[in-house]
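Below is the file model22.csv, which contains CSV, C-alpha atoms.
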```csv
chain,number,residue,atom,x,y,z
W,783,MET,CA,-97.8,153.6,-21.9
W,784,ASN,CA,-97.3,151.7,-18.7
W,785,PRO,CA,-94.1,153.1,-17.2
W,786,LEU,CA,-93.5,149.9,-15.3
W,787,THR,CA,-92.6,148.0,-18.4
W,788,HIS,CA,-89.3,149.8,-18.3
W,789,VAL,CA,-88.5,148.7,-14.9
W,790,ASN,CA,-88.3,145.0,-15.6
W,791,ALA,CA,-84.6,145.3,-16.2
W,792,ASP,CA,-82.3,145.7,-13.2
W,793,GLU,CA,-82.2,149.3,-12.0
W,794,ARG,CA,-78.5,149.3,-12.3
W,795,ASP,CA,-78.7,148.7,-16.0
W,796,LEU,CA,-80.8,151.7,-16.6
W,797,SER,CA,-79.2,155.1,-17.3
W,798,GLU,CA,-80.1,158.1,-15.2
W,799,ALA,CA,-82.1,159.4,-18.2
W,800,GLU,CA,-84.1,156.2,-18.4
W,801,ILE,CA,-84.9,156.2,-14.7
W,802,GLU,CA,-85.9,159.8,-14.9
W,803,ALA,CA,-88.2,159.0,-17.8
W,804,ILE,CA,-89.8,156.1,-15.9
W,805,VAL,CA,-90.4,158.2,-12.8
W,806,ALA,CA,-91.6,161.1,-14.9
W,807,ASP,CA,-94.1,158.9,-16.7
W,808,ALA,CA,-95.3,157.3,-13.5
W,809,MET,CA,-95.8,160.7,-11.8
W,810,ALA,CA,-97.5,162.1,-14.9
W,811,ALA,CA,-99.9,159.2,-15.0
W,812,GLU,CA,-100.7,159.6,-11.3
W,813,ALA,CA,-101.2,163.3,-11.7
W,814,SER,CA,-103.7,162.6,-14.4
W,815,THR,CA,-105.5,160.2,-12.1
W,816,ALA,CA,-105.4,162.8,-9.3
W,817,ARG,CA,-106.9,165.4,-11.6
W,818,ARG,CA,-109.8,163.1,-12.4
W,819,GLU,CA,-110.3,162.3,-8.7
W,820,ALA,CA,-110.2,165.9,-7.6
W,821,HIS,CA,-113.6,167.4,-6.7
W,822,PRO,CA,-112.7,170.5,-4.8
W,823,PRO,CA,-115.5,172.6,-3.5
W,824,SER,CA,-116.5,175.5,-5.7
W,825,SER,CA,-114.6,178.8,-5.4
W,826,ALA,CA,-117.8,180.5,-4.3
W,827,ILE,CA,-118.1,178.2,-1.3
W,828,VAL,CA,-114.5,178.5,-0.3
W,829,TRP,CA,-114.7,182.3,-0.6
W,830,TRP,CA,-117.8,182.4,1.5
W,831,ARG,CA,-116.3,180.2,4.2
W,832,ALA,CA,-113.2,182.3,4.2
W,833,GLN,CA,-115.3,185.4,4.7
W,834,MET,CA,-117.2,183.9,7.6
W,835,ARG,CA,-114.1,182.7,9.2
W,836,ALA,CA,-112.4,186.1,8.8
W,837,ARG,CA,-115.4,187.8,10.4
W,838,ALA,CA,-115.4,185.4,13.3
W,839,GLU,CA,-111.7,186.0,13.8
W,840,ALA,CA,-112.1,189.7,13.6
W,841,ALA,CA,-114.9,189.6,16.2
W,842,ARG,CA,-112.6,187.5,18.5
W,843,VAL,CA,-109.8,190.0,18.2
W,844,VAL,CA,-112.1,192.9,19.1
W,845,GLU,CA,-113.6,191.0,22.0
W,846,ARG,CA,-110.3,190.1,23.5
W,847,PRO,CA,-109.5,193.7,24.9
W,848,LEU,CA,-113.0,193.8,26.3
W,849,THR,CA,-112.4,190.6,28.2
W,850,ILE,CA,-109.3,192.3,29.7
W,851,VAL,CA,-111.4,195.3,30.6
W,852,HIS,CA,-113.8,192.9,32.4
W,853,ALA,CA,-111.1,191.3,34.3
W,854,LEU,CA,-109.6,194.7,35.3
W,855,ALA,CA,-113.0,196.0,36.4
W,856,LEU,CA,-113.6,192.9,38.5
W,857,ALA,CA,-110.1,193.1,40.1
W,858,VAL,CA,-110.5,196.8,40.9
W,859,SER,CA,-114.0,196.3,42.4
W,860,VAL,CA,-112.7,193.4,44.5
W,861,GLY,CA,-109.8,195.6,45.7
W,862,LEU,CA,-112.1,198.4,46.5
W,863,PHE,CA,-114.4,196.1,48.3
W,864,ILE,CA,-111.6,194.7,50.5
W,865,GLY,CA,-110.5,198.3,51.2
W,866,VAL,CA,-114.0,199.4,52.1
W,867,VAL,CA,-114.6,196.3,54.2
W,868,GLY,CA,-111.3,196.9,56.1
W,869,THR,CA,-112.3,200.5,56.8
W,870,ALA,CA,-115.8,199.4,57.8
W,871,VAL,CA,-114.5,196.8,60.2
W,872,GLY,CA,-112.5,199.4,62.0
W,873,GLY,CA,-115.6,201.6,62.1
W,874,VAL,CA,-117.8,198.8,63.5
W,875,LYS,CA,-115.3,198.2,66.2
W,876,GLY,CA,-115.3,201.9,67.1
W,877,THR,CA,-119.1,201.9,66.9
W,878,LEU,CA,-119.4,199.0,69.3
W,879,THR,CA,-117.0,200.8,71.7
W,880,TRP,CA,-119.1,204.0,71.2
W,881,PHE,CA,-122.3,202.0,72.0
W,882,ALA,CA,-120.7,200.5,75.1
W,883,SER,CA,-119.7,203.9,76.3
W,884,LEU,CA,-123.1,205.3,75.5
W,885,TYR,CA,-124.9,202.5,77.4
W,886,ALA,CA,-122.6,203.1,80.3
W,887,SER,CA,-123.2,206.8,80.3
W,888,LEU,CA,-127.0,206.3,79.9
W,889,THR,CA,-127.2,204.0,82.8
W,890,ALA,CA,-124.9,206.0,84.9
W,891,THR,CA,-126.0,209.5,84.3
W,892,SER,CA,-129.5,209.0,82.6
W,893,THR,CA,-128.4,211.3,79.8
W,894,SER,CA,-131.2,212.1,77.3
W,895,ALA,CA,-131.2,210.6,73.8
W,896,ALA,CA,-130.9,214.0,72.4
W,897,ALA,CA,-127.4,214.2,73.7
W,898,ILE,CA,-126.2,211.4,71.3
W,899,ASP,CA,-123.8,212.9,68.7
W,900,LEU,CA,-124.9,211.5,65.3
W,901,THR,CA,-122.1,213.3,63.6
W,902,SER,CA,-119.5,211.3,65.4
W,903,ARG,CA,-117.0,209.6,63.2
W,904,TRP,CA,-118.0,206.2,64.6
W,905,ILE,CA,-121.4,206.7,63.1
W,906,MET,CA,-120.4,208.5,59.9
W,907,LEU,CA,-117.5,206.2,58.9
W,908,PRO,CA,-119.4,202.9,58.7
W,909,MET,CA,-122.4,204.5,57.1
W,910,THR,CA,-120.2,206.2,54.4
W,911,ALA,CA,-118.3,202.9,53.8
W,912,MET,CA,-121.4,201.0,53.3
W,913,LEU,CA,-122.8,203.6,50.9
W,914,VAL,CA,-119.6,203.7,48.9
W,915,SER,CA,-119.4,200.0,48.6
W,916,VAL,CA,-123.1,199.7,47.4
W,917,VAL,CA,-122.4,202.4,44.7
W,918,ILE,CA,-119.2,200.7,43.6
W,919,PHE,CA,-120.8,197.3,43.4
W,920,SER,CA,-123.7,198.7,41.4
W,921,ILE,CA,-121.3,200.3,38.8
W,922,ALA,CA,-119.1,197.2,38.6
W,923,ALA,CA,-122.0,194.9,38.1
W,924,PHE,CA,-123.4,197.1,35.4
W,925,VAL,CA,-120.1,197.3,33.5
W,926,ILE,CA,-119.5,193.6,33.7
W,927,PHE,CA,-123.0,192.4,32.8
W,928,ALA,CA,-124.2,195.2,30.6
W,929,ASP,CA,-123.3,193.4,27.3
W,930,GLU,CA,-124.7,190.0,28.3
O,77,MET,CA,-109.4,199.8,20.6
O,78,ALA,CA,-110.3,202.8,22.7
O,79,ASP,CA,-113.1,203.8,20.4
O,80,VAL,CA,-114.9,200.5,20.8
O,81,THR,CA,-117.7,200.5,23.2
O,82,PHE,CA,-119.6,197.7,24.8
O,83,LEU,CA,-122.6,198.4,22.6
O,84,ASP,CA,-120.4,198.1,19.5
O,85,VAL,CA,-119.6,194.5,20.5
O,86,ARG,CA,-123.3,193.6,20.0
O,87,ARG,CA,-123.3,195.0,16.5
O,88,LEU,CA,-120.1,193.3,15.5
O,89,PRO,CA,-121.5,190.4,13.4
O,90,ALA,CA,-123.2,192.8,11.1
O,91,ASP,CA,-120.6,195.6,11.1
O,92,GLU,CA,-117.5,193.4,10.6
O,93,ALA,CA,-118.5,192.3,7.1
O,94,GLU,CA,-116.6,195.1,5.4
O,95,ALA,CA,-113.7,194.8,7.7
O,96,ALA,CA,-113.4,191.1,6.9
O,97,ASP,CA,-113.3,191.9,3.2
O,98,VAL,CA,-110.5,194.3,3.8
O,99,ALA,CA,-108.6,191.7,5.9
O,100,LEU,CA,-108.5,189.2,3.0
O,101,ALA,CA,-105.6,189.6,0.6
O,102,MET,CA,-107.5,189.2,-2.7
O,103,ASP,CA,-110.8,190.4,-4.0
O,104,GLU,CA,-113.4,187.8,-4.8
O,105,ASP,CA,-113.0,187.7,-8.6
O,106,ALA,CA,-109.2,187.4,-8.4
O,107,PHE,CA,-109.5,184.7,-5.8
O,108,ARG,CA,-112.1,182.7,-7.7
O,109,GLY,CA,-110.0,182.8,-10.8
O,110,PHE,CA,-106.9,181.8,-9.0
O,111,TYR,CA,-108.8,179.0,-7.2
O,112,ASP,CA,-110.3,177.6,-10.3
O,113,ARG,CA,-106.9,177.5,-11.9
O,114,THR,CA,-105.1,175.8,-9.0
O,115,SER,CA,-107.4,173.9,-6.7
O,116,GLY,CA,-107.5,170.7,-8.7
O,117,ALA,CA,-103.8,170.4,-8.9
O,118,LEU,CA,-103.4,171.4,-5.3
O,119,TRP,CA,-105.9,168.7,-4.2
O,120,GLY,CA,-103.8,166.2,-6.2
O,121,TYR,CA,-100.6,167.3,-4.5
O,122,LEU,CA,-102.2,167.3,-1.0
O,123,SER,CA,-103.8,163.8,-1.5
O,124,ARG,CA,-100.6,162.3,-2.8
O,125,ILE,CA,-98.3,163.9,-0.3
O,126,SER,CA,-100.5,163.1,2.7
O,127,GLY,CA,-101.7,159.8,1.3
O,128,ASP,CA,-105.2,160.6,2.5
O,129,ARG,CA,-108.1,162.1,0.5
O,130,GLN,CA,-109.9,163.3,3.7
O,131,VAL,CA,-106.8,165.2,4.8
O,132,ALA,CA,-106.5,166.7,1.3
O,133,ASP,CA,-110.1,167.9,1.5
O,134,ASP,CA,-109.5,169.5,4.9
O,135,LEU,CA,-106.1,171.1,4.1
O,136,LEU,CA,-107.2,172.4,0.7
O,137,GLN,CA,-109.5,175.0,2.3
O,138,GLU,CA,-107.1,175.7,5.0
O,139,SER,CA,-104.4,176.4,2.5
O,140,TYR,CA,-106.5,178.9,0.6
O,141,TYR,CA,-107.6,180.6,3.7
O,142,ARG,CA,-104.1,181.1,4.9
O,143,LEU,CA,-103.2,182.4,1.5
O,144,LEU,CA,-106.0,184.9,1.7
O,145,LYS,CA,-104.8,186.0,5.1
O,146,ALA,CA,-101.2,186.3,4.1
O,147,THR,CA,-99.7,189.8,4.0
O,148,VAL,CA,-97.1,188.8,1.4
O,149,VAL,CA,-97.0,191.0,-1.8
O,150,PHE,CA,-96.9,188.6,-4.7
O,151,GLU,CA,-94.9,189.5,-7.8
O,152,SER,CA,-96.7,187.1,-10.1
O,153,GLU,CA,-99.2,184.3,-10.3
O,154,ASN,CA,-96.3,181.8,-10.1
O,155,HIS,CA,-95.1,183.4,-6.9
O,156,ARG,CA,-98.6,183.2,-5.4
O,157,ARG,CA,-99.0,179.6,-6.5
O,158,ASN,CA,-95.6,178.6,-5.0
O,159,TYR,CA,-96.5,180.3,-1.8
O,160,LEU,CA,-99.8,178.3,-1.7
O,161,TYR,CA,-97.9,175.1,-2.2
O,162,ARG,CA,-95.5,176.1,0.6
O,163,ILE,CA,-98.5,176.6,2.9
O,164,ALA,CA,-100.0,173.3,1.9
O,165,THR,CA,-96.6,171.5,2.4
O,166,ASN,CA,-96.3,172.9,5.9
O,167,LEU,CA,-99.9,171.9,6.7
O,168,VAL,CA,-99.3,168.3,5.6
O,169,ARG,CA,-96.1,168.3,7.7
O,170,ASP,CA,-98.0,169.5,10.7
O,171,THR,CA,-100.8,166.9,10.2
O,172,LYS,CA,-100.7,164.4,13.0
O,173,ARG,CA,-102.9,161.8,11.3
O,174,SER,CA,-100.9,158.6,10.6
O,175,PRO,CA,-103.2,156.4,8.4
O,176,ARG,CA,-102.5,156.7,4.7
O,177,PRO,CA,-105.4,154.9,3.1
O,178,LEU,CA,-104.6,156.2,-0.3
O,179,PHE,CA,-101.5,154.0,-0.5
O,180,ASP,CA,-103.4,150.9,0.8
O,181,ALA,CA,-104.2,148.4,-2.0
O,182,ALA,CA,-107.6,147.5,-0.5
O,183,VAL,CA,-108.8,151.1,-0.7
O,184,GLU,CA,-107.3,151.7,-4.1
O,185,VAL,CA,-109.2,148.9,-5.9
O,186,ALA,CA,-112.5,150.6,-5.0
O,187,ASP,CA,-111.2,153.9,-6.3
O,188,VAL,CA,-110.4,152.7,-9.8
O,189,PRO,CA,-112.8,154.0,-12.5
O,190,ALA,CA,-114.6,151.2,-14.3
O,191,ARG,CA,-113.3,152.2,-17.7
O,192,ASP,CA,-109.7,151.4,-16.7
O,193,THR,CA,-108.2,148.3,-18.0
O,194,HIS,CA,-106.8,145.7,-15.6
O,195,GLY,CA,-103.2,146.7,-16.6
O,196,ASP,CA,-103.8,150.4,-15.9
O,197,THR,CA,-105.3,149.5,-12.5
O,198,GLU,CA,-102.3,147.4,-11.6
O,199,ALA,CA,-99.9,150.1,-12.8
O,200,ARG,CA,-101.7,152.7,-10.7
O,201,GLN,CA,-101.6,150.5,-7.6
O,202,ASP,CA,-97.9,149.9,-8.1
O,203,VAL,CA,-97.2,153.6,-8.5
O,204,ARG,CA,-99.2,154.4,-5.3
O,205,ARG,CA,-97.5,151.7,-3.4
O,206,ALA,CA,-94.2,153.0,-4.6
O,207,LEU,CA,-95.1,156.5,-3.5
O,208,GLY,CA,-96.2,155.2,-0.2
O,209,LYS,CA,-92.6,153.9,0.4
O,210,LEU,CA,-91.1,157.3,-0.1
O,211,LYS,CA,-90.8,160.0,2.6
O,212,PRO,CA,-93.4,162.8,2.3
O,213,ARG,CA,-90.6,165.2,1.3
O,214,GLU,CA,-89.5,162.9,-1.5
O,215,ARG,CA,-93.1,162.5,-2.7
O,216,ALA,CA,-93.5,166.2,-2.6
O,217,MET,CA,-90.3,166.8,-4.5
O,218,LEU,CA,-91.1,164.3,-7.3
O,219,TRP,CA,-94.7,165.6,-7.6
O,220,LEU,CA,-93.6,169.2,-7.9
O,221,ALA,CA,-90.9,168.3,-10.4
O,222,TYR,CA,-92.8,165.9,-12.7
O,223,ALA,CA,-96.5,166.5,-12.1
O,224,ASN,CA,-96.3,170.3,-11.7
O,225,GLY,CA,-93.2,170.9,-13.8
O,226,SER,CA,-91.7,173.1,-11.1
O,227,SER,CA,-88.1,174.3,-11.4
O,228,HIS,CA,-85.4,173.5,-8.8
O,229,ALA,CA,-85.7,177.0,-7.5
O,230,GLU,CA,-89.5,176.7,-7.1
O,231,ILE,CA,-89.2,173.3,-5.4
O,232,ALA,CA,-86.6,174.7,-3.0
O,233,ASP,CA,-88.9,177.6,-2.3
O,234,VAL,CA,-91.9,175.4,-1.6
O,235,LEU,CA,-90.1,172.8,0.5
O,236,GLY,CA,-87.9,175.3,2.3
O,237,LEU,CA,-84.6,173.9,1.0
O,238,LYS,CA,-81.6,175.2,-0.6
O,239,THR,CA,-81.8,175.3,-4.4
O,240,GLY,CA,-78.4,173.7,-4.7
O,241,SER,CA,-79.4,170.7,-2.8
O,242,ILE,CA,-82.5,169.9,-4.9
O,243,LYS,CA,-80.6,168.2,-7.8
O,244,LEU,CA,-79.1,165.6,-5.5
O,245,LEU,CA,-82.2,165.1,-3.5
O,246,LEU,CA,-84.2,164.6,-6.7
O,247,PHE,CA,-81.7,162.2,-8.0
O,248,ARG,CA,-82.0,160.1,-4.8
O,249,ALA,CA,-85.8,160.3,-4.8
O,250,ARG,CA,-85.9,159.2,-8.4
O,251,ARG,CA,-83.7,156.2,-7.6
O,252,LYS,CA,-85.8,155.3,-4.6
O,253,MET,CA,-89.0,155.6,-6.6
O,254,ALA,CA,-87.6,153.5,-9.5
O,255,ALA,CA,-86.4,150.8,-7.0
O,256,ALA,CA,-89.8,150.8,-5.3
O,257,LEU,CA,-91.6,150.4,-8.7
O,258,ARG,CA,-89.2,147.5,-9.6
O,259,VAL,CA,-89.9,145.7,-6.3
O,260,ASP,CA,-93.6,146.0,-6.9
O,261,GLN,CA,-93.4,144.2,-10.2
```

Exercise: express the given structure as structure tokens:
Amino acid sequence: MNPLTHVNADERDLSEAEIEAIVADAMAAEASTARREAHPPSSAIVWWRAQMRARAEAARVVERPLTIVHALALAVSVGLFIGVVGTAVGGVKGTLTWFASLYASLTATSTSAAAIDLTSRWIMLPMTAMLVSVVIFSIAAFVIFADE
Amino acid sequence: MADVTFLDVRRLPADEAEAADVALAMDEDAFRGFYDRTSGALWGYLSRISGDRQVADDLLQESYYRLLKATVVFESENHRRNYLYRIATNLVRDTKRSPRPLFDAAVEVADVPARDTHGDTEARQDVRRALGKLKPRERAMLWLAYANGSSHAEIADVLGLKTGSIKLLLFRARRKMAAALRVDQ
């Protein structure tokens, strides 16, 4: 039955029950059409896609803390590098001063090379700083790029 | 996460399979049964509320996925179904697409099955045009009430409204629909 045949009369002349019947018929007819039109994907496909998506999301959740670890490792290594460079700069200045005084003493007093104190802090400090920075950089680089 | 090593990350795609199964709220058999019973009707709801079959296709899968990921404990199949419709309703509400080709007469003509009589075709076009004149919430309300046979409490639950307000809102929606059908005559 076509529900619209009931609507020819003025809406105000229809009782609420009649209006409800008209609308209910129209919606039922449309629902029947929709059921015929509906071609949802199979449940197996939807389940499989849900599985894949859940796995991908689970992987992202696990990777997120590692990204944070990467960022922290980078920040720490940069901080250490700056600290080491700062120390090394002071050492280099001292070294230059030491070399200047050494040159002055060599030219002035012809002191032998054996007299040079290799254990002086102006030698040891820059050497240690450079060594530490090389080790730290190697470790940081390994941590950051190991999984790539 | 402390027990996860960098080497574990490489193995994740294979190792996460079981974890993903656990993360979904239903087992496969239960899901497939539920899906087979509800997907056709849900597609109809989505297509008529959004007015767009493509949107309905997209949101159908999204609705079921969100249901699978939900942590809600369902008391019954009806409860689960109503929750699914609530998810679907919210997804339609959040959809930003504006075109509603389903309610356009030009598109509808091509959709009509050949066995339909001319009168049926016109009637369907009129019903769709009338639906197109309603607000999405009014369409949803009428669909739930008369296509799904939902109670006022269920409609309120799906649409996030108070049960007491449904009677009046349905009354208005019916009037509006009837008026739209009359104008289309």

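You will find CA of Ser139 in chain O at 5.4 Å from CA of Ala164 in chain O.
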
With chain O as the partner and 6 Å as the cut-off, tabulate the residues of chain W that qualify, each row holding the nearest pair of atoms and their distance in Å to one decimal, using only C-alpha atoms, sorted by chain and rising number, as JSON lines.
```
{"residue": "W:Val789", "atom": "CA", "partner": "O:Arg258", "partner_atom": "CA", "distance": 5.5}
{"residue": "W:Ala806", "atom": "CA", "partner": "O:Tyr222", "partner_atom": "CA", "distance": 5.4}
{"residue": "W:Met809", "atom": "CA", "partner": "O:Ala223", "partner_atom": "CA", "distance": 5.8}
{"residue": "W:Ala810", "atom": "CA", "partner": "O:Ala223", "partner_atom": "CA", "distance": 5.3}
{"residue": "W:Ala813", "atom": "CA", "partner": "O:Ala223", "partner_atom": "CA", "distance": 5.7}
{"residue": "W:Ala816", "atom": "CA", "partner": "O:Gly120", "partner_atom": "CA", "distance": 4.9}
{"residue": "W:Ala820", "atom": "CA", "partner": "O:Gly116", "partner_atom": "CA", "distance": 5.6}
{"residue": "W:Ser825", "atom": "CA", "partner": "O:Arg108", "partner_atom": "CA", "distance": 5.2}
{"residue": "W:Ala832", "atom": "CA", "partner": "O:Tyr141", "partner_atom": "CA", "distance": 5.9}
{"residue": "W:Ala836", "atom": "CA", "partner": "O:Ala96", "partner_atom": "CA", "distance": 5.4}
{"residue": "W:Arg837", "atom": "CA", "partner": "O:Ala96", "partner_atom": "CA", "distance": 5.2}
```

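When CA of Val866 in chain W is paired with CA of Met912 in chain W, their separation reads 7.7 Å.
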
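Interatomic distance, CA of Asp170 in chain O against CA of Glu151 in chain O: 27.4 Å.
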
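Distances here use only C-alpha atoms; by that measure, the residue among O:Leu210, O:Ala216, O:Leu245, O:Leu237 closest to Arg169 in chain O is O:Ala216.
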
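With all atoms listed in the file as the atoms that count, the minimum distance from Leu135 in chain O to the choices W:Pro822, W:Tyr885, W:Val916, W:Ala799 is reached by W:Pro822.
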